[in-house]
Every structure is written in structure tokens, then in C-alpha cells.
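Text of target-v2.cif (mmCIF, C-alpha atoms) as supplied:
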```
data_my_file
#
loop_
_atom_site.group_PDB
_atom_site.id
_atom_site.type_symbol
_atom_site.label_atom_id
_atom_site.label_comp_id
_atom_site.auth_asym_id
_atom_site.auth_seq_id
_atom_site.Cartn_x
_atom_site.Cartn_y
_atom_site.Cartn_z
ATOM 1 C CA MET A 1 96.814 -28.489 138.563
ATOM 2 C CA SER A 2 96.379 -29.262 142.284
ATOM 3 C CA VAL A 3 98.330 -31.940 144.139
ATOM 4 C CA TYR A 4 95.149 -33.989 144.412
ATOM 5 C CA GLN A 5 94.542 -33.784 140.655
ATOM 6 C CA ARG A 6 98.137 -34.834 139.978
ATOM 7 C CA LEU A 7 97.746 -37.847 142.283
ATOM 8 C CA GLN A 8 94.503 -38.787 140.528
ATOM 9 C CA LYS A 9 96.258 -38.639 137.178
ATOM 10 C CA MET A 10 99.234 -40.658 138.397
ATOM 11 C CA SER A 11 97.318 -43.239 140.446
ATOM 12 C CA PRO A 12 96.639 -45.726 137.597
ATOM 13 C CA TYR A 13 100.381 -45.983 137.074
ATOM 14 C CA LEU A 14 101.448 -45.988 140.739
ATOM 15 C CA TRP A 15 98.715 -48.285 142.135
ATOM 16 C CA PHE A 16 97.665 -50.622 139.355
ATOM 17 C CA ARG A 17 96.612 -53.485 141.594
ATOM 18 C CA TYR A 18 94.843 -53.929 144.933
ATOM 19 C CA SER A 19 97.127 -53.969 147.977
ATOM 20 C CA ASN A 20 96.185 -55.868 151.126
ATOM 21 C CA THR A 21 98.901 -53.969 152.952
ATOM 22 C CA ILE A 22 97.517 -50.543 152.076
ATOM 23 C CA GLU A 23 93.998 -51.705 152.963
ATOM 24 C CA LEU A 24 95.239 -53.000 156.319
ATOM 25 C CA VAL A 25 97.101 -49.767 157.108
ATOM 26 C CA ASN A 26 94.072 -47.630 156.233
ATOM 27 C CA MET A 27 91.590 -49.760 158.181
ATOM 28 C CA ASN A 28 93.918 -50.012 161.172
ATOM 29 C CA ALA A 29 94.031 -46.210 161.351
ATOM 30 C CA MET A 30 90.215 -46.120 161.203
ATOM 31 C CA LEU A 31 89.988 -48.748 163.940
ATOM 32 C CA LYS A 32 92.331 -46.817 166.243
ATOM 33 C CA ASP A 33 90.364 -43.628 165.642
ATOM 34 C CA PHE A 34 87.074 -45.431 166.320
ATOM 35 C CA LEU A 35 88.353 -46.935 169.578
ATOM 36 C CA LYS A 36 89.767 -43.606 170.687
ATOM 37 C CA LYS A 37 86.325 -42.044 170.264
ATOM 38 C CA HIS A 38 84.850 -44.882 172.347
ATOM 39 C CA SER A 39 87.567 -45.040 174.980
ATOM 40 C CA ASN A 40 85.073 -44.293 177.766
ATOM 41 C CA VAL A 41 82.971 -47.390 177.055
ATOM 42 C CA ARG A 42 82.919 -49.628 180.109
ATOM 43 C CA SER A 43 85.529 -52.378 179.939
ATOM 44 C CA MET A 44 85.391 -55.885 181.386
ATOM 45 C CA PRO A 45 88.447 -58.050 182.187
ATOM 46 C CA ASN A 46 87.358 -61.152 180.252
ATOM 47 C CA ARG A 47 84.651 -62.571 178.018
ATOM 48 C CA LEU A 48 82.779 -64.427 180.770
ATOM 49 C CA GLU A 49 82.306 -61.261 182.845
ATOM 50 C CA TYR A 50 81.394 -59.403 179.650
ATOM 51 C CA PHE A 51 78.646 -61.926 178.851
ATOM 52 C CA SER A 52 77.488 -61.951 182.479
ATOM 53 C CA PHE A 53 77.235 -58.165 182.675
ATOM 54 C CA ILE A 54 75.154 -57.989 179.489
ATOM 55 C CA ASN A 55 72.812 -60.731 180.688
ATOM 56 C CA ASN A 56 72.464 -59.624 184.312
ATOM 57 C CA GLN A 57 72.779 -55.842 184.153
ATOM 58 C CA ILE A 58 71.633 -54.826 180.678
ATOM 59 C CA ILE A 59 68.878 -57.306 179.845
ATOM 60 C CA SER A 60 68.140 -58.307 183.467
ATOM 61 C CA ASN A 61 67.990 -62.029 182.670
ATOM 62 C CA LEU A 62 64.775 -61.530 180.690
ATOM 63 C CA PRO A 63 63.812 -64.043 177.972
ATOM 64 C CA ILE A 64 65.872 -63.588 174.815
ATOM 65 C CA THR A 65 66.334 -64.960 171.336
ATOM 66 C CA TYR A 66 70.050 -65.504 170.935
ATOM 67 C CA LEU A 67 71.549 -65.847 167.466
ATOM 68 C CA GLU A 68 75.171 -66.904 167.182
ATOM 69 C CA PHE A 69 77.135 -66.910 163.943
ATOM 70 C CA GLY A 70 80.276 -68.982 164.280
ATOM 71 C CA VAL A 71 79.675 -71.687 166.886
ATOM 72 C CA TYR A 72 82.787 -73.895 166.591
ATOM 73 C CA ASN A 73 82.719 -76.173 169.686
ATOM 74 C CA GLY A 74 79.788 -74.334 171.282
ATOM 75 C CA GLU A 75 81.590 -72.665 174.182
ATOM 76 C CA SER A 76 79.920 -69.256 173.774
ATOM 77 C CA ILE A 77 76.362 -70.423 173.114
ATOM 78 C CA LYS A 78 76.640 -72.894 175.995
ATOM 79 C CA THR A 79 77.854 -70.098 178.290
ATOM 80 C CA TRP A 80 74.922 -67.882 177.317
ATOM 81 C CA ALA A 81 72.437 -70.720 177.907
ATOM 82 C CA ARG A 82 73.979 -71.263 181.332
ATOM 83 C CA LEU A 83 73.837 -67.552 182.204
ATOM 84 C CA ASN A 84 70.309 -66.926 180.940
ATOM 85 C CA LYS A 85 68.228 -69.594 182.650
ATOM 86 C CA ASN A 86 64.865 -68.219 181.533
ATOM 87 C CA ASP A 87 62.804 -71.141 180.217
ATOM 88 C CA SER A 88 61.368 -68.962 177.452
ATOM 89 C CA SER A 89 64.781 -68.062 176.028
ATOM 90 C CA ILE A 90 65.879 -69.774 172.841
ATOM 91 C CA PHE A 91 69.357 -70.083 171.358
ATOM 92 C CA TYR A 92 70.227 -70.601 167.684
ATOM 93 C CA GLY A 93 73.756 -71.312 166.493
ATOM 94 C CA PHE A 94 74.819 -71.161 162.841
ATOM 95 C CA ASP A 95 77.996 -72.845 161.579
ATOM 96 C CA THR A 96 79.275 -75.173 158.867
ATOM 97 C CA PHE A 97 81.289 -77.107 161.472
ATOM 98 C CA THR A 98 83.838 -77.656 158.699
ATOM 99 C CA GLY A 99 85.934 -74.580 159.470
ATOM 100 C CA LEU A 100 86.388 -71.182 157.876
ATOM 101 C CA PRO A 101 85.096 -71.028 154.283
ATOM 102 C CA GLU A 102 88.030 -68.803 153.260
ATOM 103 C CA ASP A 103 91.350 -67.531 154.603
ATOM 104 C CA TRP A 104 91.056 -65.117 157.516
ATOM 105 C CA THR A 105 94.641 -63.972 158.154
ATOM 106 C CA PHE A 106 98.079 -64.887 156.834
ATOM 107 C CA LYS A 107 98.263 -67.600 159.482
ATOM 108 C CA VAL A 108 94.620 -68.634 159.891
ATOM 109 C CA LYS A 109 93.566 -70.306 156.672
ATOM 110 C CA LYS A 110 90.465 -71.823 155.120
ATOM 111 C CA GLY A 111 89.310 -74.855 157.104
ATOM 112 C CA GLU A 112 90.592 -73.600 160.457
ATOM 113 C CA PHE A 113 88.264 -74.287 163.435
ATOM 114 C CA SER A 114 86.854 -77.405 161.790
ATOM 115 C CA LEU A 115 84.960 -80.106 163.670
ATOM 116 C CA GLU A 116 84.983 -82.280 160.538
ATOM 117 C CA GLY A 117 81.289 -81.541 160.090
ATOM 118 C CA ASN A 118 80.346 -82.911 163.505
ATOM 119 C CA ILE A 119 77.778 -80.909 165.462
ATOM 120 C CA PRO A 120 78.677 -80.520 169.157
ATOM 121 C CA ASN A 121 76.314 -81.950 171.754
ATOM 122 C CA LEU A 122 75.366 -79.021 173.990
ATOM 123 C CA ASP A 123 72.765 -80.787 176.179
ATOM 124 C CA ASP A 124 70.183 -77.989 176.452
ATOM 125 C CA SER A 125 66.785 -78.307 174.774
ATOM 126 C CA ARG A 126 66.671 -74.535 174.222
ATOM 127 C CA ILE A 127 69.732 -74.665 171.942
ATOM 128 C CA HIS A 128 69.256 -75.353 168.223
ATOM 129 C CA LEU A 129 72.249 -75.662 165.883
ATOM 130 C CA ILE A 130 71.858 -74.977 162.160
ATOM 131 C CA LYS A 131 74.501 -76.478 159.916
ATOM 132 C CA GLY A 132 75.667 -74.863 156.681
ATOM 133 C CA LEU A 133 76.985 -71.650 155.212
ATOM 134 C CA PHE A 134 75.153 -68.563 156.476
ATOM 135 C CA GLN A 135 74.405 -67.685 152.844
ATOM 136 C CA GLU A 136 72.510 -70.984 152.555
ATOM 137 C CA THR A 137 70.787 -71.205 155.943
ATOM 138 C CA LEU A 138 69.974 -67.725 157.253
ATOM 139 C CA ARG A 139 67.338 -66.659 154.730
ATOM 140 C CA PRO A 140 65.385 -69.958 154.984
ATOM 141 C CA PHE A 141 65.565 -69.655 158.777
ATOM 142 C CA LEU A 142 64.114 -66.143 158.688
ATOM 143 C CA GLN A 143 61.199 -67.241 156.493
ATOM 144 C CA THR A 144 59.658 -69.041 159.479
ATOM 145 C CA PHE A 145 61.245 -67.030 162.292
ATOM 146 C CA LYS A 146 58.878 -64.880 164.343
ATOM 147 C CA ARG A 147 60.566 -62.638 166.839
ATOM 148 C CA ASP A 148 58.795 -62.131 170.139
ATOM 149 C CA LYS A 149 61.776 -61.398 172.378
ATOM 150 C CA GLN A 150 64.805 -59.138 172.499
ATOM 151 C CA LEU A 151 67.530 -60.255 170.114
ATOM 152 C CA ILE A 152 71.072 -60.917 171.271
ATOM 153 C CA ILE A 153 73.283 -61.447 168.220
ATOM 154 C CA HIS A 154 76.780 -62.831 168.666
ATOM 155 C CA LEU A 155 78.947 -62.298 165.582
ATOM 156 C CA ASP A 156 81.910 -64.667 165.819
ATOM 157 C CA ALA A 157 82.407 -65.601 162.157
ATOM 158 C CA ASP A 158 85.745 -63.735 162.014
ATOM 159 C CA LEU A 159 85.463 -63.028 158.264
ATOM 160 C CA TYR A 160 84.363 -59.779 156.641
ATOM 161 C CA SER A 161 82.187 -61.558 154.060
ATOM 162 C CA SER A 162 80.339 -63.678 156.619
ATOM 163 C CA THR A 163 79.828 -60.826 159.092
ATOM 164 C CA MET A 164 78.689 -58.357 156.447
ATOM 165 C CA PHE A 165 76.223 -60.885 155.035
ATOM 166 C CA VAL A 166 74.673 -61.550 158.449
ATOM 167 C CA LEU A 167 74.371 -57.858 159.337
ATOM 168 C CA SER A 168 72.805 -57.047 155.967
ATOM 169 C CA VAL A 169 70.250 -59.871 156.094
ATOM 170 C CA LEU A 170 69.287 -59.272 159.739
ATOM 171 C CA ASP A 171 69.049 -55.484 159.442
ATOM 172 C CA ASN A 172 65.314 -55.347 158.752
ATOM 173 C CA ILE A 173 64.394 -57.373 161.852
ATOM 174 C CA LEU A 174 66.512 -55.366 164.294
ATOM 175 C CA LYS A 175 64.655 -53.241 166.839
ATOM 176 C CA SER A 176 65.596 -50.738 169.499
ATOM 177 C CA GLY A 177 67.271 -52.475 172.419
ATOM 178 C CA ASP A 178 68.686 -55.398 170.433
ATOM 179 C CA ILE A 179 72.340 -56.145 171.143
ATOM 180 C CA LEU A 180 75.131 -56.942 168.690
ATOM 181 C CA MET A 181 78.299 -58.538 170.060
ATOM 182 C CA PHE A 182 81.458 -58.769 167.957
ATOM 183 C CA ASP A 183 84.049 -61.317 169.027
ATOM 184 C CA GLU A 184 87.092 -60.386 166.909
ATOM 185 C CA PHE A 185 86.630 -56.643 166.520
ATOM 186 C CA SER A 186 90.390 -56.008 166.663
ATOM 187 C CA ASN A 187 90.915 -57.316 163.123
ATOM 188 C CA PRO A 188 90.526 -54.096 161.098
ATOM 189 C CA THR A 189 89.745 -55.645 157.705
ATOM 190 C CA HIS A 190 87.164 -58.162 158.874
ATOM 191 C CA GLU A 191 84.594 -57.713 161.689
ATOM 192 C CA PHE A 192 85.447 -54.029 162.196
ATOM 193 C CA LYS A 193 85.247 -53.252 158.471
ATOM 194 C CA ALA A 194 81.974 -55.171 158.180
ATOM 195 C CA PHE A 195 80.544 -53.144 161.071
ATOM 196 C CA ILE A 196 81.649 -49.820 159.546
ATOM 197 C CA ASP A 197 80.325 -50.723 156.093
ATOM 198 C CA TRP A 198 76.993 -51.942 157.512
ATOM 199 C CA CYS A 199 76.544 -48.737 159.532
ATOM 200 C CA SER A 200 77.249 -46.676 156.418
ATOM 201 C CA ALA A 201 75.092 -48.713 154.022
ATOM 202 C CA PHE A 202 72.097 -49.044 156.353
ATOM 203 C CA ASN A 203 72.362 -45.681 158.121
ATOM 204 C CA ARG A 204 72.864 -47.294 161.535
ATOM 205 C CA GLU A 205 74.384 -45.708 164.628
ATOM 206 C CA PRO A 206 74.297 -48.350 167.379
ATOM 207 C CA LYS A 207 75.657 -47.333 170.762
ATOM 208 C CA ALA A 208 78.780 -49.056 172.098
ATOM 209 C CA ILE A 209 77.910 -50.322 175.580
ATOM 210 C CA LEU A 210 80.628 -52.731 176.731
ATOM 211 C CA LYS A 211 84.001 -54.114 175.671
ATOM 212 C CA VAL A 212 86.840 -56.457 176.581
ATOM 213 C CA ASN A 213 90.272 -55.090 175.836
ATOM 214 C CA GLU A 214 93.998 -55.480 176.448
ATOM 215 C CA GLY A 215 95.505 -52.009 176.284
ATOM 216 C CA TRP A 216 94.114 -50.355 173.144
ATOM 217 C CA ILE A 217 93.296 -53.713 171.542
ATOM 218 C CA VAL A 218 89.572 -54.417 171.837
ATOM 219 C CA HIS A 219 88.820 -58.087 171.353
ATOM 220 C CA GLN A 220 85.090 -58.085 172.063
ATOM 221 C CA ILE A 221 82.658 -55.181 171.915
ATOM 222 C CA ALA A 222 78.880 -54.919 172.253
ATOM 223 C CA PHE A 223 76.533 -52.381 170.675
ATOM 224 C CA GLN A 224 72.870 -51.689 171.377
ATOM 225 C CA ILE A 225 70.436 -50.637 168.674
#
```

Could you spell out this file's structure in C-alpha cells?
Amino acid sequence: MSVYQRLQKMSPYLWFRYSNTIELVNMNAMLKDFLKKHSNVRSMPNRLEYFSFINNQIISNLPITYLEFGVYNGESIKTWARLNKNDSSIFYGFDTFTGLPEDWTFKVKKGEFSLEGNIPNLDDSRIHLIKGLFQETLRPFLQTFKRDKQLIIHLDADLYSSTMFVLSVLDNILKSGDILMFDEFSNPTHEFKAFIDWCSAFNREPKAILKVNEGWIVHQIAFQI
């Protein structure tokens, strides 16, 4: 009997329940390996310059449809509306505005980032905020949505479940040139894992084009379809 066969036989007795720690260790190793393979991706010093480079250099300030998942107080969507001044651009932000629907980390719990249900006033007629869980609002939104511009998708929901849901539902409307931005890619069991699982399940291989990092830790990263 091989070592592998012995481990298979013993595993029900050694690992009889799911371990967050083992999952975190495994996914962290995958994340480090992924980032090592993409170490030559251009890096920006902060999120503002990262957004600016994508808008000015990659999409050349052309009209866009911007979809943001995880709005909180509106800082990111407001920044994008300020950077992309094209009158034909339109910006949609999805959020419950009551905080995270589940725990994210040991320290960041359900309800964090809450605005008590209040929608921020962003003072730009091109911005439209959609309140509710993504699982309740995204499909109805897509029933009437007609894409006629390049999509810029900002994934800032933090959670694996939320990010994976959005990627899965949006997959069939993605086209070549669309851009996906992840805001908390450094958490191996959430946005990174959702990205890896989506790529595997939907046979996607988007190209990493830009990142913001501190040392080996990549906070934000953008991919192009």
C-alpha cells in the first residue's frame, strides 16, 4: 500500500472536521505562488494612481459602464466618476448599506462597514446606487441591463460568497477588454479564492494588468478579459 493510499485510509480518523486553519494555510500557499508568477505585473504606489492609470492609459477615458460591488461610503465609485468625465459613462453601485452579511475575518465581523441602511449622497447624475444583497438585486438588474460600453467591474465585497456570486452571474456578459478589479485580493480565502474558483469553473484566463502592493502583499489587482 502506497503512502498516499495509507493517508486516504487514515484521513477520516485524522481530519474528521473542516479546519479553517488548514484551508488558510493551503490558500495562502496558492496565493504566494500566484503572485510569484505575476511578479512582473506593473505596480502602482496607491489606489488613486491605480485607478487613474486604468482610466487614462488602459481605457483612454472612453465611455464605460462601471459596476461596483461593495460601495460602503462611496469613495471608490465617486473617485471613478471624477476620473472618467465622459458624459456617456454610467456608474452602478451595489450594497446593502447595512454592513457585511457574514463574518469576514476573525476581527471583521458581520455588520462591519454599516451605514445603518443609509445610502450616501454622491452628487453625480451618472451614479446609480442599488440597495440590497447582491443575490437579491443583481439578477433583476441584469434583466433590463443592455451593455453598450466596456465594462469596468470593481469587486470590493471582501467575502468569498459575495465575490463568487457576482463573478458567476456576470460571466456570460463579459467580453474581451472588460476589466475586473479586486480590492482585497490579499485575503487568500475570500476574493483570491473566489477568483481562482471562478477561473476554474468557467474556464477563464484573464490577464493581470496592474496591481497595488506592499512588498509581496497585493492589496488591489486588475485583470483584463

* To do: Quick one: everything within 9 Å of Arg126 in chain A, counting only C-alpha atoms, minus sequence neighbours fewer than 5 positions away in the same chain. Send it as number ranges by chain.
  => A: 81, 87-92

* Test item: residues at most 8 Å from range 56-71 of chain A, all atoms listed in the file, excluding those fewer than 4 positions along its chain, as a ChimeraX atom specification -> /A:52,75-77,84-95,97,134,147,149-158

* Asked: Out of A:Tyr50, A:Trp80, A:Phe145, A:Phe202, which residue has the shortest atom-to-atom distance to Ile221 in chain A when counting only C-alpha atoms?
  ->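 Of all the options, A:Tyr50 lies closest to Ile221 in chain A.
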
* Long-range neighbours of Phe192 in chain A as a ChimeraX atom specification, 10 Å cut-off, all atoms listed in the file, 5 positions minimum in chain -> /A:27-28,30-31,34,158-160,163-164,182,184-187,197-198

* Closest of A:Glu191, A:Asp103, A:Asp183, A:Asp123 to Phe51 in chain A - atom-to-atom distances counting all atoms listed in the file -> A:Asp183

* **Counting all atoms listed in the file, the option among A:Val212, A:Asp178, A:Trp104, A:Ile119 closest to Ser161 in chain A** =>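 Distance minimum relative to Ser161 in chain A lands on A:Trp104.
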
* Using CA of Asp124 in chain A and CA of Thr79 in chain A as the two end points, give the distance in Å to one decimal. =>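 Result for CA of Asp124 in chain A versus CA of Thr79 in chain A: 11.2 Å, one decimal.
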
* Asked: Care to translate the PyMOL selection byres ((chain A and resi 111) around 10) into actual residues of this file, as a list in words?
  ->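 When the PyMOL selection byres ((chain A and resi 111) around 10) is applied to the shown file, the picked residues are Phe97, Thr98, Gly99, Leu100, Pro101, Glu102, Asp103, Trp104, Val108, Lys109, Lys110, Glu112, Phe113, Ser114, Leu115 and Glu116 of chain A.
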
* Nearest to Leu210 in chain A by atom-to-atom distance, counting all atoms listed in the file, from A:Leu180, A:Ala29, A:Phe141, A:Thr189 ->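 Among the listed residues, A:Leu180 lies closest to Leu210 in chain A.
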
Pop range 27-46 of chain A out of the structure in the block and write N, CA and C atoms as a PDB file, in the first residue's frame.
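The new file decode.pdb reads:
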```pdb
ATOM      1  N   MET A  27      -4.529  27.913   1.035  1.00  0.00           N
ATOM      2  CA  MET A  27      -4.836  29.004   0.123  1.00  0.00           C
ATOM      3  C   MET A  27      -3.752  30.073   0.157  1.00  0.00           C
ATOM      4  N   ASN A  28      -3.123  30.279   1.301  1.00  0.00           N
ATOM      5  CA  ASN A  28      -2.043  31.253   1.377  1.00  0.00           C
ATOM      6  C   ASN A  28      -0.866  30.817   0.516  1.00  0.00           C
ATOM      7  N   ALA A  29      -0.583  29.519   0.516  1.00  0.00           N
ATOM      8  CA  ALA A  29       0.492  28.995  -0.347  1.00  0.00           C
ATOM      9  C   ALA A  29       0.142  29.196  -1.814  1.00  0.00           C
ATOM     10  N   MET A  30      -1.127  28.970  -2.174  1.00  0.00           N
ATOM     11  CA  MET A  30      -1.567  29.187  -3.559  1.00  0.00           C
ATOM     12  C   MET A  30      -1.463  30.659  -3.943  1.00  0.00           C
ATOM     13  N   LEU A  31      -1.843  31.531  -3.011  1.00  0.00           N
ATOM     14  CA  LEU A  31      -1.763  32.973  -3.277  1.00  0.00           C
ATOM     15  C   LEU A  31      -0.318  33.398  -3.516  1.00  0.00           C
ATOM     16  N   LYS A  32       0.589  32.953  -2.671  1.00  0.00           N
ATOM     17  CA  LYS A  32       2.007  33.319  -2.838  1.00  0.00           C
ATOM     18  C   LYS A  32       2.537  32.811  -4.168  1.00  0.00           C
ATOM     19  N   ASP A  33       2.158  31.594  -4.535  1.00  0.00           N
ATOM     20  CA  ASP A  33       2.606  31.041  -5.814  1.00  0.00           C
ATOM     21  C   ASP A  33       2.031  31.839  -6.983  1.00  0.00           C
ATOM     22  N   PHE A  34       0.765  32.213  -6.882  1.00  0.00           N
ATOM     23  CA  PHE A  34       0.118  33.008  -7.927  1.00  0.00           C
ATOM     24  C   PHE A  34       0.819  34.357  -8.092  1.00  0.00           C
ATOM     25  N   LEU A  35       1.090  35.026  -6.982  1.00  0.00           N
ATOM     26  CA  LEU A  35       1.723  36.348  -7.046  1.00  0.00           C
ATOM     27  C   LEU A  35       3.163  36.266  -7.539  1.00  0.00           C
ATOM     28  N   LYS A  36       3.825  35.178  -7.214  1.00  0.00           N
ATOM     29  CA  LYS A  36       5.188  34.983  -7.712  1.00  0.00           C
ATOM     30  C   LYS A  36       5.179  34.867  -9.235  1.00  0.00           C
ATOM     31  N   LYS A  37       4.193  34.164  -9.761  1.00  0.00           N
ATOM     32  CA  LYS A  37       4.089  34.003 -11.218  1.00  0.00           C
ATOM     33  C   LYS A  37       3.730  35.320 -11.902  1.00  0.00           C
ATOM     34  N   HIS A  38       3.135  36.244 -11.147  1.00  0.00           N
ATOM     35  CA  HIS A  38       2.723  37.533 -11.710  1.00  0.00           C
ATOM     36  C   HIS A  38       3.530  38.689 -11.116  1.00  0.00           C
ATOM     37  N   SER A  39       4.741  38.393 -10.726  1.00  0.00           N
ATOM     38  CA  SER A  39       5.577  39.409 -10.073  1.00  0.00           C
ATOM     39  C   SER A  39       5.965  40.545 -11.012  1.00  0.00           C
ATOM     40  N   ASN A  40       5.906  40.297 -12.320  1.00  0.00           N
ATOM     41  CA  ASN A  40       6.310  41.331 -13.284  1.00  0.00           C
ATOM     42  C   ASN A  40       5.161  42.261 -13.675  1.00  0.00           C
ATOM     43  N   VAL A  41       3.982  42.034 -13.124  1.00  0.00           N
ATOM     44  CA  VAL A  41       2.850  42.924 -13.415  1.00  0.00           C
ATOM     45  C   VAL A  41       3.159  44.315 -12.869  1.00  0.00           C
ATOM     46  N   ARG A  42       2.876  45.315 -13.658  1.00  0.00           N
ATOM     47  CA  ARG A  42       3.173  46.693 -13.256  1.00  0.00           C
ATOM     48  C   ARG A  42       2.497  47.035 -11.934  1.00  0.00           C
ATOM     49  N   SER A  43       3.246  47.694 -11.052  1.00  0.00           N
ATOM     50  CA  SER A  43       2.748  48.039  -9.733  1.00  0.00           C
ATOM     51  C   SER A  43       2.617  49.545  -9.566  1.00  0.00           C
ATOM     52  N   MET A  44       1.539  49.968  -8.914  1.00  0.00           N
ATOM     53  CA  MET A  44       1.314  51.371  -8.613  1.00  0.00           C
ATOM     54  C   MET A  44       1.428  51.590  -7.106  1.00  0.00           C
ATOM     55  N   PRO A  45       1.797  52.815  -6.675  1.00  0.00           N
ATOM     56  CA  PRO A  45       2.047  53.058  -5.254  1.00  0.00           C
ATOM     57  C   PRO A  45       0.797  53.156  -4.386  1.00  0.00           C
ATOM     58  N   ASN A  46      -0.345  53.482  -4.981  1.00  0.00           N
ATOM     59  CA  ASN A  46      -1.575  53.612  -4.194  1.00  0.00           C
ATOM     60  C   ASN A  46      -2.796  53.411  -5.088  1.00  0.00           C
TER      61      ASN A  46
END
```
